[in-house]
There are 2 protein chains.
Amino acid sequence: MQENYCYFNGTLLPFTEAKLALNDLGLWRGYGIFDYLRTYHGRPFKLAKHYARLERSAAAVGLELPLGLSAIEEITEELLYERAENATDVGFRWVLTGGYTDNGTNPSGPPNFFITTESLVKIATSDYTEGVKVITYEHLRELPEIKTTNYLSIYLNQSAMQAQNAKDVLYVKNGLISECTRTNFFLVKGNTLITPDTHILRGITRQIVLDIAPEVFAQVELRPLSLAELSEADEAFKVGTTNEVMPVVQIDDIRIGQGKPGTLTQKLMQVFQNLVHHS
Amino acid sequence: MQENYCYFNGTLLPFTEAKLALNDLGLWRGYGIFDYLRTYHGRPFKLAKHYARLERSAAAVGLELPLGLSAIEEITEELLYERAENATDVGFRWVLTGGYTDNGTNPSGPPNFFITTESLVKIATSDYTEGVKVITYEHLRELPEIKTTNYLSIYLNQSAMQAQNAKDVLYVKNGLISECTRTNFFLVKGNTLITPDTHILRGITRQIVLDIAPEVFAQVELRPLSLAELSEADEAFKVGTTNEVMPVVQIDDIRIGQGKPGTLTQKLMQVFQNLVHHS
């Protein structure tokens, strides 16, 4: 990030030179939404879909995006051109806040909008080959369909995750599973794929997985998923822009299937990799 | 604010010169807590109590305050000395975030901590003499006892408030009242004062009101407050550092009492003003 360029309220500049005044409403009041996408082979992946979601998030909190899709595409090209020399693939974070405030609550001007170019998060290969553990947390995101900047639950669960060697938190409310902190959650029973369809963020990766699911699964069920069903599951995984398709082999004390990435999950991971690298 | 000094990560400087890099976790992930206090007659009011709450909020989200109480007191003196010449009284906002991040989620260094010196929000005298309207919103703050920076619900209700000429939102969940967006809520029935005692932020002003309540009310009840009780209420008000004691005369379509500030509320307002100006 340090070496990369960013876009900030109309200007392209080195990340280290972009500075926000302290009275931003995203910072002071959580009045902010965002989206995040990555490149494959140096090309932005599903940019238009991320933009469409950003637009929906903005509208939902009463903010207007200062840039249209084609302007974002042009800026993305420039940021890619300016990216650190050693980086083929990067992530782009688009952040839109309520702007600055003079009285602590009301915007005193236009929204603040910036795009950062970021190194991709490195995930250990063993996470993919052995699968990861997640822990449950009684929680439902306040506005699950809007990609707000509120991820405090990650930090509230940090010590529990470390203590239990878990890589993520799975939100459960009144016995129903919704999603993980930054990924959508799927279960496999036999050759049926199951994932919740309400009270979740509509993940771009989730949609890709649903699109390619027929190549791997005999049946797909979009429906409420209860915590009780974990014990009967054969496989589980979670998906997102950074995680891609990540096998989940343990949830709290419940071992999923054989406690290692399932056959169908592995097949899905292959189909997914094939798609992102050859489309 | 523009003319005032602020404190930012160890340095006192003009507000206009204090700048945050874009990768702050308060901004990106809502990983931030804060507190806000004001002065009366140029002296910080209940600073130690605000500090104690800030410390509790920080601990609850796994952050450590970089400054002890006496350091904050000293800095406050310096900020007061540097405040804009025309300001007798000001507000101080203390903001603590998870610090900067290199990977979008985990802190890469110490927390960011800053203090801004702010003009007091001007509230129309008529709000106090005529009382205000609030509208209800089905919501319960995620971590009501922690003063996090998540106030998105204000912005989600902005148009509804404007359309209905309401000044605030009253949170109701499953028929139970908790609090307003930045104030604690009280009802009066006969000469009994009633306010919720759980799922709320423990307001410093709320505690003051509870301390002086015996001078005005025959009885005080700290207990769950149902929406249904609004129709039987004689008076209502909400309290906070900025609002002080603010009469509430209408909630949605329900007129409270005679639709004007009640006698006991007015008496409480006097006792409160007496306390803050002569203690």
# chains A, B, ... in the order shown; residues from 1 in each chain; ligands from 1
>>> residues_around(residues="Asp102 of chain B", least_positions_apart="2", cutoff="10 Å", atoms="only C-alpha atoms", output="list in words")
Met1, Gln2, Glu118, Ser119 and Val121 of chain A; Asn23, Asp24, Leu25, Tyr100, Gly104, Thr105, Asn106, Pro107, Ser108 and Gly109 of chain B
>>> residues_around(residues="Lys167 of chain B", least_positions_apart="2", cutoff="8 Å", atoms="only C-alpha atoms", output="compact mmCIF listing (two decimals) with C-alpha atoms, in the first residue's frame")
# COMPACT_ATOMS: atom_id res chain seq x y z
CA VAL B 132 -39.29 18.31 20.45
CA LYS B 133 -40.73 15.44 18.48
CA VAL B 134 -38.89 12.13 18.06
CA MET B 161 -36.81 12.86 10.62
CA ASN B 165 -39.99 17.45 11.67
CA VAL B 169 -34.85 8.80 16.79
>>> closest_residue(among="A:Leu65, A:Leu170, A:Ala236, A:Val90", to="Asn4 of chain A", atoms="only C-alpha atoms")
A:Val90
>>> select_by_dssp(residues="segment 6-186 of chain B", states="strand (DSSP E or B)", output="ChimeraX atom specification")
/B:6-8,11-14,19-21,24,32-40,43-44,90-97,100-101,107,112-119,132-138,148,168-173,176-180,184-186
>>> write_last_selection(atoms="C-alpha atoms", output="JSON list (two decimals), in the first residue's frame")
[["chain", "number", "residue", "atom", "x", "y", "z"],
["B", 6, "CYS", "CA", -6.23, 19.36, 18.59],
["B", 7, "TYR", "CA", -4.15, 16.56, 20.01],
["B", 8, "PHE", "CA", -3.10, 13.81, 17.62],
["B", 11, "THR", "CA", 1.32, 16.17, 19.36],
["B", 12, "LEU", "CA", -0.69, 19.34, 19.93],
["B", 13, "LEU", "CA", -1.28, 21.14, 16.64],
["B", 14, "PRO", "CA", -3.81, 23.30, 14.79],
["B", 19, "LYS", "CA", -4.10, 14.55, 9.14],
["B", 20, "LEU", "CA", -4.81, 10.87, 9.21],
["B", 21, "ALA", "CA", -3.53, 8.40, 6.61],
["B", 24, "ASP", "CA", -7.11, 3.75, 9.69],
["B", 32, "GLY", "CA", -13.18, 2.81, 17.02],
["B", 33, "ILE", "CA", -14.60, 4.13, 20.28],
["B", 34, "PHE", "CA", -14.94, 7.69, 21.54],
["B", 35, "ASP", "CA", -16.28, 9.98, 24.20],
["B", 36, "TYR", "CA", -17.39, 13.60, 24.20],
["B", 37, "LEU", "CA", -17.52, 16.13, 27.00],
["B", 38, "ARG", "CA", -18.07, 19.86, 27.25],
["B", 39, "THR", "CA", -17.01, 22.74, 29.42],
["B", 40, "TYR", "CA", -19.17, 25.03, 31.57],
["B", 43, "ARG", "CA", -14.01, 24.30, 32.86],
["B", 44, "PRO", "CA", -14.26, 20.67, 31.65],
["B", 90, "VAL", "CA", -16.24, 24.13, 23.90],
["B", 91, "GLY", "CA", -16.66, 20.41, 23.45],
["B", 92, "PHE", "CA", -13.86, 17.86, 23.43],
["B", 93, "ARG", "CA", -14.07, 14.68, 21.38],
["B", 94, "TRP", "CA", -11.75, 11.83, 22.28],
["B", 95, "VAL", "CA", -11.42, 9.27, 19.49],
["B", 96, "LEU", "CA", -9.49, 6.01, 19.77],
["B", 97, "THR", "CA", -9.20, 3.67, 16.79],
["B", 100, "TYR", "CA", -3.39, 1.78, 10.84],
["B", 101, "THR", "CA", -3.53, -1.51, 8.97],
["B", 107, "PRO", "CA", -3.59, -3.37, 13.21],
["B", 112, "ASN", "CA", -4.60, 6.23, 16.80],
["B", 113, "PHE", "CA", -5.83, 8.62, 19.46],
["B", 114, "PHE", "CA", -6.90, 12.19, 18.96],
["B", 115, "ILE", "CA", -8.77, 14.95, 20.76],
["B", 116, "THR", "CA", -10.60, 17.67, 18.86],
["B", 117, "THR", "CA", -11.76, 20.95, 20.40],
["B", 118, "GLU", "CA", -15.18, 21.80, 18.99],
["B", 119, "SER", "CA", -17.70, 24.62, 19.07],
["B", 132, "VAL", "CA", -39.29, 18.31, 20.45],
["B", 133, "LYS", "CA", -40.73, 15.44, 18.48],
["B", 134, "VAL", "CA", -38.89, 12.13, 18.06],
["B", 135, "ILE", "CA", -39.73, 9.15, 15.88],
["B", 136, "THR", "CA", -39.31, 5.50, 16.79],
["B", 137, "TYR", "CA", -37.06, 3.10, 14.90],
["B", 138, "GLU", "CA", -36.94, -0.68, 15.36],
["B", 148, "THR", "CA", -18.45, 2.81, 19.64],
["B", 168, "ASP", "CA", -34.16, 12.52, 17.08],
["B", 169, "VAL", "CA", -34.85, 8.80, 16.79],
["B", 170, "LEU", "CA", -36.00, 6.64, 19.70],
["B", 171, "TYR", "CA", -34.81, 3.03, 19.48],
["B", 172, "VAL", "CA", -37.45, 0.38, 20.13],
["B", 173, "LYS", "CA", -36.88, -3.37, 19.91],
["B", 176, "LEU", "CA", -39.16, -2.11, 24.48],
["B", 177, "ILE", "CA", -37.66, 1.35, 24.47],
["B", 178, "SER", "CA", -33.90, 1.66, 24.97],
["B", 179, "GLU", "CA", -32.56, 5.13, 24.14],
["B", 180, "CYS", "CA", -32.30, 7.85, 21.51],
["B", 184, "ASN", "CA", -30.98, 8.65, 27.24],
["B", 185, "PHE", "CA", -34.74, 8.64, 27.44],
["B", 186, "PHE", "CA", -37.01, 9.24, 30.46]]
>>> interface_residues(of="chain A", to="chain B", cutoff="7 Å", atoms="only C-alpha atoms", output="mmCIF file with N, CA and C atoms, in the first residue's frame")
data_model
loop_
_atom_site.group_PDB
_atom_site.id
_atom_site.type_symbol
_atom_site.label_atom_id
_atom_site.label_comp_id
_atom_site.auth_asym_id
_atom_site.auth_seq_id
_atom_site.Cartn_x
_atom_site.Cartn_y
_atom_site.Cartn_z
ATOM 1 N N ALA A 18 -1.668 10.972 0.660
ATOM 2 C CA ALA A 18 -3.116 11.162 0.805
ATOM 3 C C ALA A 18 -3.468 11.236 2.287
ATOM 4 N N LYS A 19 -4.096 12.323 2.681
ATOM 5 C CA LYS A 19 -4.400 12.510 4.105
ATOM 6 C C LYS A 19 -5.815 13.043 4.287
ATOM 7 N N LEU A 20 -6.432 12.499 5.314
ATOM 8 C CA LEU A 20 -7.803 12.872 5.641
ATOM 9 C C LEU A 20 -7.761 13.780 6.872
ATOM 10 N N ALA A 21 -8.609 14.822 6.875
ATOM 11 C CA ALA A 21 -8.749 15.601 8.107
ATOM 12 C C ALA A 21 -9.433 14.712 9.147
ATOM 13 N N LEU A 22 -9.343 15.103 10.409
ATOM 14 C CA LEU A 22 -9.836 14.222 11.469
ATOM 15 C C LEU A 22 -11.360 14.146 11.556
ATOM 16 N N GLY A 26 -17.152 9.028 8.428
ATOM 17 C CA GLY A 26 -16.882 7.582 8.420
ATOM 18 C C GLY A 26 -16.139 7.200 9.684
ATOM 19 N N LEU A 27 -15.200 8.047 10.044
ATOM 20 C CA LEU A 27 -14.365 7.831 11.227
ATOM 21 C C LEU A 27 -15.123 8.124 12.524
ATOM 22 N N TRP A 28 -15.908 9.186 12.533
ATOM 23 C CA TRP A 28 -16.568 9.642 13.765
ATOM 24 C C TRP A 28 -17.892 8.970 14.038
ATOM 25 N N ARG A 29 -18.616 8.595 12.966
ATOM 26 C CA ARG A 29 -19.991 8.128 13.146
ATOM 27 C C ARG A 29 -20.293 6.830 12.405
ATOM 28 N N GLY A 30 -19.247 6.202 11.862
ATOM 29 C CA GLY A 30 -19.490 4.964 11.113
ATOM 30 C C GLY A 30 -20.337 5.182 9.887
ATOM 31 N N TYR A 31 -20.339 6.451 9.398
ATOM 32 C CA TYR A 31 -21.144 6.752 8.214
ATOM 33 C C TYR A 31 -20.284 6.502 6.977
ATOM 34 N N VAL A 61 -27.585 4.160 2.250
ATOM 35 C CA VAL A 61 -27.265 5.032 3.391
ATOM 36 C C VAL A 61 -27.387 6.511 3.009
ATOM 37 N N ASN A 103 -20.321 19.917 12.904
ATOM 38 C CA ASN A 103 -21.009 19.856 14.194
ATOM 39 C C ASN A 103 -21.008 18.454 14.818
ATOM 40 N N VAL A 121 -3.776 -10.056 0.357
ATOM 41 C CA VAL A 121 -3.496 -10.705 1.633
ATOM 42 C C VAL A 121 -2.965 -12.111 1.353
ATOM 43 N N THR A 149 -18.970 -0.116 6.747
ATOM 44 C CA THR A 149 -17.620 -0.323 7.284
ATOM 45 C C THR A 149 -17.635 -0.931 8.688
ATOM 46 N N ASN A 150 -18.805 -1.307 9.187
ATOM 47 C CA ASN A 150 -18.886 -1.844 10.547
ATOM 48 C C ASN A 150 -18.492 -3.324 10.641
ATOM 49 N N TYR A 151 -17.259 -3.563 11.075
ATOM 50 C CA TYR A 151 -16.744 -4.924 11.235
ATOM 51 C C TYR A 151 -16.201 -5.119 12.646
ATOM 52 N N LEU A 152 -16.798 -4.419 13.596
ATOM 53 C CA LEU A 152 -16.290 -4.459 14.964
ATOM 54 C C LEU A 152 -16.278 -5.880 15.520
ATOM 55 N N TYR A 155 -13.051 -7.742 15.820
ATOM 56 C CA TYR A 155 -12.120 -7.385 16.889
ATOM 57 C C TYR A 155 -12.608 -7.882 18.245
ATOM 58 N N LEU A 156 -13.935 -7.985 18.374
ATOM 59 C CA LEU A 156 -14.500 -8.502 19.619
ATOM 60 C C LEU A 156 -14.177 -9.985 19.775
#
>>> residues_around(residues="segment 66-77 of chain A", least_positions_apart="4", cutoff="8 Å", atoms="only C-alpha atoms", output="list in words")
Tyr7, Leu47, Ala48, Tyr51, Tyr81, Pro111 and Phe113 of chain A
>>> write_last_selection(atoms="N, CA and C atoms", output="PDB file, in the first residue's frame")
ATOM      1  N   TYR A   7      -6.444   7.033  -5.122  1.00  0.00           N
ATOM      2  CA  TYR A   7      -7.291   8.104  -5.632  1.00  0.00           C
ATOM      3  C   TYR A   7      -7.993   8.693  -4.425  1.00  0.00           C
ATOM      4  N   LEU A  47     -15.275  -6.021 -11.948  1.00  0.00           N
ATOM      5  CA  LEU A  47     -15.329  -4.634 -11.478  1.00  0.00           C
ATOM      6  C   LEU A  47     -16.749  -4.071 -11.544  1.00  0.00           C
ATOM      7  N   ALA A  48     -17.449  -4.343 -12.640  1.00  0.00           N
ATOM      8  CA  ALA A  48     -18.792  -3.758 -12.804  1.00  0.00           C
ATOM      9  C   ALA A  48     -19.755  -4.267 -11.727  1.00  0.00           C
ATOM     10  N   TYR A  51     -18.936  -2.483  -8.580  1.00  0.00           N
ATOM     11  CA  TYR A  51     -19.422  -1.108  -8.679  1.00  0.00           C
ATOM     12  C   TYR A  51     -20.936  -1.051  -8.440  1.00  0.00           C
ATOM     13  N   TYR A  81      -1.386   1.051 -13.496  1.00  0.00           N
ATOM     14  CA  TYR A  81      -0.157   1.496 -14.161  1.00  0.00           C
ATOM     15  C   TYR A  81       0.873   1.969 -13.135  1.00  0.00           C
ATOM     16  N   PRO A 111     -19.444  13.990   0.097  1.00  0.00           N
ATOM     17  CA  PRO A 111     -18.840  12.765   0.638  1.00  0.00           C
ATOM     18  C   PRO A 111     -17.343  12.729   0.358  1.00  0.00           C
ATOM     19  N   PHE A 113     -14.439  10.269  -0.965  1.00  0.00           N
ATOM     20  CA  PHE A 113     -14.342   9.000  -1.691  1.00  0.00           C
ATOM     21  C   PHE A 113     -12.889   8.739  -2.028  1.00  0.00           C
TER      22      PHE A 113
END
>>> residues_around(residues="Ile208 of chain B", least_positions_apart="3", cutoff="10 Å", atoms="only C-alpha atoms", output="PyMOL selection string")
chain B and resi 46+203-205+211-213+239-240+272+275-276
>>> write_last_selection(atoms="C-alpha atoms", output="PDB file, in the first residue's frame")
ATOM      1  CA  LYS B  46     -17.159  15.570  34.622  1.00  0.00           C
ATOM      2  CA  GLY B 203     -24.904   8.422  30.063  1.00  0.00           C
ATOM      3  CA  ILE B 204     -22.973  10.777  32.306  1.00  0.00           C
ATOM      4  CA  THR B 205     -25.894  13.225  32.063  1.00  0.00           C
ATOM      5  CA  ASP B 211     -28.708  11.938  41.233  1.00  0.00           C
ATOM      6  CA  ILE B 212     -30.864  15.073  41.306  1.00  0.00           C
ATOM      7  CA  ALA B 213     -34.154  13.288  40.592  1.00  0.00           C
ATOM      8  CA  VAL B 239     -30.727  13.880  28.244  1.00  0.00           C
ATOM      9  CA  GLY B 240     -27.148  14.068  27.070  1.00  0.00           C
ATOM     10  CA  PHE B 272     -29.901  20.672  36.186  1.00  0.00           C
ATOM     11  CA  LEU B 275     -26.042  22.240  39.071  1.00  0.00           C
ATOM     12  CA  VAL B 276     -23.931  22.659  35.935  1.00  0.00           C
TER      13      VAL B 276
END
>>> select_by_dssp(residues="segment 151-264 of chain A", states="helix (DSSP H, G or I)", output="PyMOL selection string")
chain A and resi 152-156+158-163+204-215+227-232+263-264
>>> write_last_selection(atoms="C-alpha atoms", output="PDB file, in the first residue's frame")
ATOM      1  CA  LEU A 152     -16.290  -4.459  14.964  1.00  0.00           C
ATOM      2  CA  SER A 153     -17.308  -8.080  15.583  1.00  0.00           C
ATOM      3  CA  ILE A 154     -13.972  -9.198  14.110  1.00  0.00           C
ATOM      4  CA  TYR A 155     -12.120  -7.385  16.889  1.00  0.00           C
ATOM      5  CA  LEU A 156     -14.500  -8.502  19.619  1.00  0.00           C
ATOM      6  CA  GLN A 158      -9.957 -11.681  18.125  1.00  0.00           C
ATOM      7  CA  SER A 159      -8.777 -13.335  21.355  1.00  0.00           C
ATOM      8  CA  ALA A 160     -11.312 -16.160  21.094  1.00  0.00           C
ATOM      9  CA  MET A 161     -10.129 -16.848  17.541  1.00  0.00           C
ATOM     10  CA  GLN A 162      -6.503 -16.875  18.602  1.00  0.00           C
ATOM     11  CA  ALA A 163      -7.182 -19.051  21.641  1.00  0.00           C
ATOM     12  CA  ILE A 204     -19.781 -11.459  -5.775  1.00  0.00           C
ATOM     13  CA  THR A 205     -17.793 -14.652  -5.146  1.00  0.00           C
ATOM     14  CA  ARG A 206     -20.931 -16.280  -3.698  1.00  0.00           C
ATOM     15  CA  GLN A 207     -22.732 -15.606  -6.980  1.00  0.00           C
ATOM     16  CA  ILE A 208     -19.864 -17.062  -8.997  1.00  0.00           C
ATOM     17  CA  VAL A 209     -19.981 -20.190  -6.840  1.00  0.00           C
ATOM     18  CA  LEU A 210     -23.752 -20.470  -7.382  1.00  0.00           C
ATOM     19  CA  ASP A 211     -23.180 -20.055 -11.124  1.00  0.00           C
ATOM     20  CA  ILE A 212     -20.625 -22.866 -11.334  1.00  0.00           C
ATOM     21  CA  ALA A 213     -22.284 -25.065  -8.692  1.00  0.00           C
ATOM     22  CA  PRO A 214     -24.132 -27.243 -11.274  1.00  0.00           C
ATOM     23  CA  GLU A 215     -20.738 -28.470 -12.520  1.00  0.00           C
ATOM     24  CA  LEU A 227     -26.847 -24.489  13.394  1.00  0.00           C
ATOM     25  CA  ALA A 228     -28.189 -27.990  14.060  1.00  0.00           C
ATOM     26  CA  GLU A 229     -27.488 -28.948  10.456  1.00  0.00           C
ATOM     27  CA  LEU A 230     -23.731 -28.593  10.944  1.00  0.00           C
ATOM     28  CA  SER A 231     -23.547 -31.982  12.630  1.00  0.00           C
ATOM     29  CA  GLU A 232     -25.114 -33.653   9.600  1.00  0.00           C
ATOM     30  CA  THR A 263     -14.140 -34.034  -2.353  1.00  0.00           C
ATOM     31  CA  LEU A 264     -16.829 -31.786  -3.782  1.00  0.00           C
TER      32      LEU A 264
END
>>> closest_residue(among="B:Thr183, B:Ser126, B:Asn274, B:Thr192", to="Thr242 of chain B", atoms="only C-alpha atoms")
B:Thr183
>>> residues_around(residues="Glu221 of chain B", least_positions_apart="3", cutoff="8 Å", atoms="only C-alpha atoms", output="PyMOL selection string")
chain B and resi 192-195
>>> residues_around(residues="Asp234 of chain A", least_positions_apart="3", cutoff="6 Å", atoms="only C-alpha atoms", output="list in words")
Val188, Lys189 and Gly257 of chain A
>>> atom_distance(atom1="atom CA of Gln266 of chain B", atom2="atom CA of Phe217 of chain B")
11.9 Å
>>> atom_distance(atom1="atom CA of Pro247 of chain A", atom2="atom CA of Gly131 of chain A")
4.6 Å
>>> atom_distance(atom1="atom CA of Ile251 of chain B", atom2="atom CA of Leu187 of chain B")
11.7 Å
